[in-house]
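Peer 1: File follows, query_8.cif with mmCIF, C-alpha atoms and all ligand atoms:
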```cif
data_run
loop_
_atom_site.label_atom_id
_atom_site.label_comp_id
_atom_site.auth_asym_id
_atom_site.auth_seq_id
_atom_site.Cartn_x
_atom_site.Cartn_y
_atom_site.Cartn_z
CA MET A 1 113.82 251.55 -101.21
CA ASN A 2 114.19 250.07 -104.71
CA ASN A 3 115.12 246.48 -105.51
CA THR A 4 118.84 247.19 -105.85
CA ASP A 5 118.95 249.13 -102.60
CA GLN A 6 117.20 246.21 -100.94
CA LYS A 7 119.88 243.83 -102.20
CA LEU A 8 122.59 246.13 -100.84
CA GLN A 9 120.69 246.15 -97.57
CA THR A 10 120.55 242.34 -97.66
CA ILE A 11 124.34 242.13 -98.00
CA GLY A 12 124.65 244.58 -95.11
CA ASP A 13 122.30 242.45 -93.00
CA ARG A 14 124.33 239.32 -93.72
CA ILE A 15 127.50 241.13 -92.69
CA GLN A 16 125.83 242.35 -89.52
CA ALA A 17 124.85 238.78 -88.60
CA THR A 18 128.52 237.73 -88.78
CA VAL A 19 129.60 240.84 -86.88
CA GLN A 20 127.14 240.12 -84.08
CA GLY A 21 128.19 236.47 -84.01
CA ILE A 22 131.77 237.53 -83.29
CA GLN A 23 130.96 240.40 -80.94
CA VAL A 24 128.61 238.39 -78.75
CA ASN A 25 131.47 236.17 -77.55
CA HIS A 26 134.20 238.82 -77.62
CA ASP A 27 133.13 241.91 -75.74
CA TRP A 28 136.64 243.35 -76.09
CA TRP A 29 136.29 243.60 -79.90
CA PRO A 30 137.20 247.20 -80.76
CA CYS A 31 135.16 247.77 -83.97
CA ARG A 32 132.42 250.29 -83.36
CA ARG A 33 131.60 253.85 -84.28
CA GLY A 34 134.43 255.84 -82.70
CA CYS A 35 137.17 253.27 -83.32
CA ASP A 36 138.86 255.02 -86.19
CA GLY A 37 142.15 253.16 -86.61
CA CYS A 38 141.26 251.89 -90.07
CA CYS A 39 139.53 255.15 -91.08
CA ARG A 40 142.83 257.00 -90.57
CA GLN A 41 144.91 254.49 -92.49
CA LEU A 42 143.16 253.78 -95.77
CA ALA A 43 145.50 252.24 -98.31
CA ARG A 44 144.08 254.58 -100.96
CA PRO A 45 141.19 257.01 -101.46
CA PRO A 46 137.82 255.19 -101.27
CA GLU A 47 136.83 253.08 -104.29
CA LEU A 48 133.16 252.15 -104.19
CA THR A 49 130.49 250.69 -106.40
CA GLN A 50 127.98 253.06 -107.94
CA LEU A 51 125.36 251.98 -105.40
CA GLU A 52 127.63 252.69 -102.48
CA TRP A 53 128.64 256.07 -103.90
CA ALA A 54 124.96 256.95 -104.24
CA ARG A 55 124.37 256.06 -100.61
CA VAL A 56 127.44 258.02 -99.48
CA ASP A 57 126.40 261.06 -101.52
CA GLN A 58 122.92 261.00 -99.98
CA ALA A 59 124.39 260.80 -96.48
CA VAL A 60 126.82 263.66 -97.11
CA ALA A 61 123.96 265.77 -98.49
CA MET A 62 122.05 265.19 -95.24
CA LEU A 63 124.82 266.57 -93.01
CA THR A 64 124.42 269.99 -91.47
CA PRO A 65 125.73 272.75 -93.76
CA THR A 66 128.78 273.37 -91.57
CA VAL A 67 129.78 269.72 -91.35
CA ARG A 68 129.03 269.13 -95.02
CA ALA A 69 131.28 272.05 -95.93
CA GLU A 70 134.09 270.50 -93.87
CA VAL A 71 133.66 267.15 -95.60
CA GLU A 72 133.58 268.79 -99.02
CA HIS A 73 136.76 270.67 -98.14
CA LYS A 74 138.47 267.36 -97.31
CA ILE A 75 137.19 265.81 -100.53
CA ASP A 76 138.62 268.71 -102.51
CA ALA A 77 141.93 268.49 -100.65
CA LEU A 78 142.19 264.78 -101.43
CA LEU A 79 141.39 265.43 -105.08
CA VAL A 80 144.24 267.96 -105.17
CA GLN A 81 146.60 265.37 -103.68
CA ILE A 82 145.50 262.85 -106.29
CA ALA A 83 146.03 265.38 -109.09
CA GLU A 84 149.45 266.32 -107.76
CA ASN A 85 150.38 262.72 -107.05
CA THR A 86 151.10 263.54 -103.40
CA VAL A 87 148.74 261.07 -101.71
CA GLY A 88 150.60 259.66 -98.72
CA GLN A 89 151.10 256.07 -97.70
CA TYR A 90 147.90 256.29 -95.66
CA VAL A 91 144.78 258.28 -96.43
CA VAL A 92 142.51 259.71 -93.74
CA CYS A 93 138.94 259.10 -94.85
CA PRO A 94 137.23 262.40 -95.69
CA TYR A 95 134.02 261.17 -94.05
CA LEU A 96 135.68 260.84 -90.66
CA ASP A 97 135.17 263.35 -87.85
CA GLU A 98 138.81 263.49 -86.84
CA ASN A 99 138.04 265.10 -83.46
CA SER A 100 135.65 262.44 -82.19
CA GLY A 101 136.96 259.56 -84.29
CA ALA A 102 133.40 258.88 -85.46
CA CYS A 103 132.24 258.23 -88.99
CA LEU A 104 129.96 261.06 -90.11
CA ILE A 105 128.02 258.76 -92.43
CA TYR A 106 128.06 255.64 -90.26
CA ASP A 107 124.65 254.26 -91.25
CA SER A 108 125.54 254.70 -94.92
CA ARG A 109 129.15 253.58 -94.73
CA PRO A 110 130.50 251.37 -97.51
CA ILE A 111 130.45 247.58 -97.41
CA ALA A 112 134.23 247.41 -96.87
CA CYS A 113 133.88 249.51 -93.70
CA ARG A 114 131.31 247.00 -92.42
CA THR A 115 133.43 243.92 -93.13
CA TYR A 116 136.80 245.31 -92.04
CA GLY A 117 137.87 243.74 -88.78
CA PHE A 118 135.44 240.81 -89.06
CA PHE A 119 136.02 239.32 -92.51
CA VAL A 120 139.23 237.91 -93.99
CA THR A 121 140.35 236.42 -97.27
CA ARG A 122 141.99 233.01 -97.72
CA THR A 123 145.21 234.60 -98.85
CA SER A 124 145.83 237.50 -96.49
CA ASP A 125 146.42 237.99 -92.80
CA LEU A 126 144.07 239.90 -90.55
CA TYR A 127 143.95 243.47 -91.68
CA CYS A 128 143.54 245.24 -88.35
CA LYS A 129 146.74 244.96 -86.33
CA LEU A 130 144.91 245.90 -83.12
CA ILE A 131 142.58 242.91 -83.51
CA GLU A 132 145.36 240.63 -84.67
CA THR A 133 147.38 241.45 -81.56
CA GLU A 134 144.39 240.88 -79.25
CA VAL A 135 143.39 237.57 -80.87
CA ASN A 136 146.95 236.25 -80.71
CA ALA A 137 147.38 237.34 -77.09
CA ARG A 138 144.08 235.80 -76.00
CA GLY A 139 144.38 232.69 -78.14
CA ASP A 140 140.72 233.04 -79.11
CA HIS A 141 139.21 230.94 -81.89
CA ILE A 142 137.40 233.23 -84.31
CA VAL A 143 134.95 232.15 -86.98
CA TRP A 144 135.78 234.89 -89.47
CA GLY A 145 133.49 236.02 -92.25
CA ASN A 146 134.64 235.27 -95.80
CA ALA A 147 135.53 238.58 -97.45
CA GLU A 148 135.75 237.02 -100.91
CA VAL A 149 132.11 235.90 -100.77
CA ILE A 150 130.99 239.42 -99.88
CA ASP A 151 133.19 240.94 -102.62
CA ASP A 152 131.70 238.55 -105.18
CA GLN A 153 128.15 239.34 -104.11
CA LEU A 154 128.79 243.05 -104.24
CA THR A 155 130.43 242.88 -107.68
CA ARG A 156 127.56 240.82 -109.09
CA LEU A 157 125.05 243.26 -107.67
CA ALA A 158 126.72 246.58 -108.30
CA GLY A 159 129.62 246.10 -110.73
CA GLU A 160 133.25 247.07 -110.36
CA PRO A 161 134.33 249.82 -107.94
CA ILE A 162 134.61 253.39 -109.19
CA SER A 163 137.59 255.42 -108.03
CA PHE A 164 137.33 258.51 -105.85
CA LYS A 165 138.65 260.70 -108.65
CA VAL A 166 136.27 259.33 -111.27
CA HIS A 167 133.30 259.67 -108.94
CA TYR A 168 133.98 263.26 -107.95
CA ILE A 169 135.43 264.62 -111.17
CA GLU A 170 134.36 262.53 -114.14
CA ASP A 171 131.03 260.98 -113.11
S1 LIG B 201 133.31 255.80 -94.51
FE1 LIG B 201 133.21 256.00 -92.29
S2 LIG B 201 133.67 253.93 -91.47
FE2 LIG B 201 134.37 253.99 -93.61
S3 LIG B 201 136.56 254.57 -93.51
FE3 LIG B 201 135.34 256.47 -93.80
S4 LIG B 201 135.01 257.26 -91.73
FE4 LIG B 201 135.62 255.10 -91.53
#
```
Rewrite the structure of this file - the entire thing - as structure tokens.
Peer 2:
Amino acid sequence: MNNTDQKLQTIGDRIQATVQGIQVNHDWWPCRRGCDGCCRQLARPPELTQLEWARVDQAVAMLTPTVRAEVEHKIDALLVQIAENTVGQYVVCPYLDENSGACLIYDSRPIACRTYGFFVTRTSDLYCKLIETEVNARGDHIVWGNAEVIDDQLTRLAGEPISFKVHYIED
């Protein structure tokens, strides 16, 4: 693991500490491999830093040939939608196993996938409506992670995000 990978790992470890801090007192929290609500409702095709794309590419390359072919088919289909300007309101992540609801590259998933459901910004509501509903119903006090701090750290480490189209077609 090189120095930059280690820093990405360090951000991931910090996120995991916050995640565990929330989960330990809230065993009902839904976020885990197999909860795919957010994976089926991306606001747009993934936009990741170069480091994250490299990690995703490595993970996809490690899939079995059959599964990798399915993922590549979904990537191509999404690229066609982008080219034809027919991307829907929600995007199903191409790295999701839609049958099991599990992320196929879970250990290499992007930073945003790790923070979603546990981190919030000062200016926006909770992102996951399932969690928002549960928290409101239970009246729980949650010490959320600060998404802006993580975004700043990631940008300083790895630069601005690169779009799905640029990564797969122009990179
Ligand atoms: S990379 Fe994995 S965890 Fe992230 S949205 Fe896609 S399927 Fe879900």
Peer 1: Rounded to one decimal in Å, what is the spacing between CA of Phe119 (chain A) and CA of Val149 (chain A)?
Peer 2: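 A separation of 9.8 Å between them.
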Peer 1: Could you list, as a list in words, all protein and nucleic acid residues with an atom at most 7 Å from ligand LIG 201 (chain B), counting all atoms listed in the file?
Peer 2: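 Counting all atoms listed in the file, the residues within 7 Å of ligand LIG 201 (chain B) come out as Asp36, Cys38, Cys39, Cys93, Pro94, Tyr95, Leu96, Ala102, Cys103, Leu104, Ile105, Tyr106, Arg109, Pro110 and Cys113 of chain A.
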Peer 1: Write out as a list of chain:residue names each polymer residue whose atoms come within 12 Å of Gly12 (chain A), counting only C-alpha atoms; drop sequence neighbours fewer than 2 positions from it.
Peer 2: A:Asp5, A:Gln6, A:Lys7, A:Leu8, A:Gln9, A:Thr10, A:Arg14, A:Ile15, A:Gln16, A:Ala17, A:Thr18, A:Val19, A:Glu52, A:Asp107, A:Ser108, A:Arg109, A:Pro110, A:Ile111, A:Ala112, A:Cys113, A:Arg114, A:Thr115, A:Ile150, A:Asp151, A:Gln153, A:Leu154
Peer 1: Grab the residues selected above and save them as a PDB file, in the coordinates of the input with C-alpha atoms.
Peer 2:
```
ATOM      1  CA  ASP A   5     118.950 249.130-102.600  1.00  0.00           C
ATOM      2  CA  GLN A   6     117.200 246.210-100.940  1.00  0.00           C
ATOM      3  CA  LYS A   7     119.880 243.830-102.200  1.00  0.00           C
ATOM      4  CA  LEU A   8     122.590 246.130-100.840  1.00  0.00           C
ATOM      5  CA  GLN A   9     120.690 246.150 -97.570  1.00  0.00           C
ATOM      6  CA  THR A  10     120.550 242.340 -97.660  1.00  0.00           C
ATOM      7  CA  ARG A  14     124.330 239.320 -93.720  1.00  0.00           C
ATOM      8  CA  ILE A  15     127.500 241.130 -92.690  1.00  0.00           C
ATOM      9  CA  GLN A  16     125.830 242.350 -89.520  1.00  0.00           C
ATOM     10  CA  ALA A  17     124.850 238.780 -88.600  1.00  0.00           C
ATOM     11  CA  THR A  18     128.520 237.730 -88.780  1.00  0.00           C
ATOM     12  CA  VAL A  19     129.600 240.840 -86.880  1.00  0.00           C
ATOM     13  CA  GLU A  52     127.630 252.690-102.480  1.00  0.00           C
ATOM     14  CA  ASP A 107     124.650 254.260 -91.250  1.00  0.00           C
ATOM     15  CA  SER A 108     125.540 254.700 -94.920  1.00  0.00           C
ATOM     16  CA  ARG A 109     129.150 253.580 -94.730  1.00  0.00           C
ATOM     17  CA  PRO A 110     130.500 251.370 -97.510  1.00  0.00           C
ATOM     18  CA  ILE A 111     130.450 247.580 -97.410  1.00  0.00           C
ATOM     19  CA  ALA A 112     134.230 247.410 -96.870  1.00  0.00           C
ATOM     20  CA  CYS A 113     133.880 249.510 -93.700  1.00  0.00           C
ATOM     21  CA  ARG A 114     131.310 247.000 -92.420  1.00  0.00           C
ATOM     22  CA  THR A 115     133.430 243.920 -93.130  1.00  0.00           C
ATOM     23  CA  ILE A 150     130.990 239.420 -99.880  1.00  0.00           C
ATOM     24  CA  ASP A 151     133.190 240.940-102.620  1.00  0.00           C
ATOM     25  CA  GLN A 153     128.150 239.340-104.110  1.00  0.00           C
ATOM     26  CA  LEU A 154     128.790 243.050-104.240  1.00  0.00           C
TER      27      LEU A 154
END
```
Peer 1: In terms of the shortest atom-to-atom distance over only C-alpha atoms, which of A:Ile11, A:Val135, A:Ala54, A:Glu98 is closest to Trp28 (chain A)?
Peer 2: A:Val135
Peer 1: Find the residues near region 82-85 of chain A: any atom within 10 Å, counting all atoms listed in the file, skip ones fewer than 5 places away on the same chain, and give them as a ChimeraX atom specification.
Peer 2: /A:44-45,76-77,164-165
Peer 1: Report, in Å to a single decimal, how far apart CA of Ile75 (chain A) and CA of Asp57 (chain A) are.
Peer 2: 11.8 Å
Peer 1: Please provide the set of residues having any atom within 12 Å of Ser100 (chain A), restricted to only C-alpha atoms, with same-chain residues fewer than 6 positions apart removed, written as a PDB file with C-alpha atoms, in the frame of the given file.
Peer 2:
```pdb
ATOM      1  CA  ARG A  33     131.600 253.850 -84.280  1.00  0.00           C
ATOM      2  CA  GLY A  34     134.430 255.840 -82.700  1.00  0.00           C
ATOM      3  CA  CYS A  35     137.170 253.270 -83.320  1.00  0.00           C
ATOM      4  CA  ASP A  36     138.860 255.020 -86.190  1.00  0.00           C
TER       5      ASP A  36
END
```
Peer 1: Separation of CA of Arg40 (chain A) and CA of Gly101 (chain A), in Å?
Peer 2: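 Separation of CA of Arg40 (chain A) and CA of Gly101 (chain A): 9.0 Å.
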Peer 1: Here is a test: counting only C-alpha atoms, which residue of A:Val91, A:Asn3, A:Thr121, A:Tyr127 is nearest to Leu51 (chain A)?
Peer 2: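 Of A:Val91, A:Asn3, A:Thr121, A:Tyr127, the one nearest Leu51 (chain A), counting only C-alpha atoms, is A:Asn3.
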Peer 1: Which is closer to Arg122 (chain A) than all the others in A:Trp29, A:Glu148, A:Asp97, A:Thr155, using only C-alpha atoms?
Peer 2: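 Nearest candidate to Arg122 (chain A) out of A:Trp29, A:Glu148, A:Asp97, A:Thr155: A:Glu148.
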Peer 1: Just checking: using all atoms listed in the file, which residue out of A:Val71, A:Ile22, A:Leu78, A:Ala158 ends up closest to Ala59 (chain A)?
Peer 2: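 Of A:Val71, A:Ile22, A:Leu78, A:Ala158, the one nearest Ala59 (chain A), counting all atoms listed in the file, is A:Val71.
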Peer 1: Between A:Gln89, A:Thr133, A:Ser163, A:Asn146, which residue has the minimum interatomic distance to Leu42 (chain A), considering only C-alpha atoms?
Peer 2: A:Gln89
Peer 1: With all atoms listed in the file as the basis for distance, which of A:Leu130, A:Pro46, A:Met62, A:Lys74 is at the shortest distance from Pro30 (chain A)?
Peer 2: A:Leu130
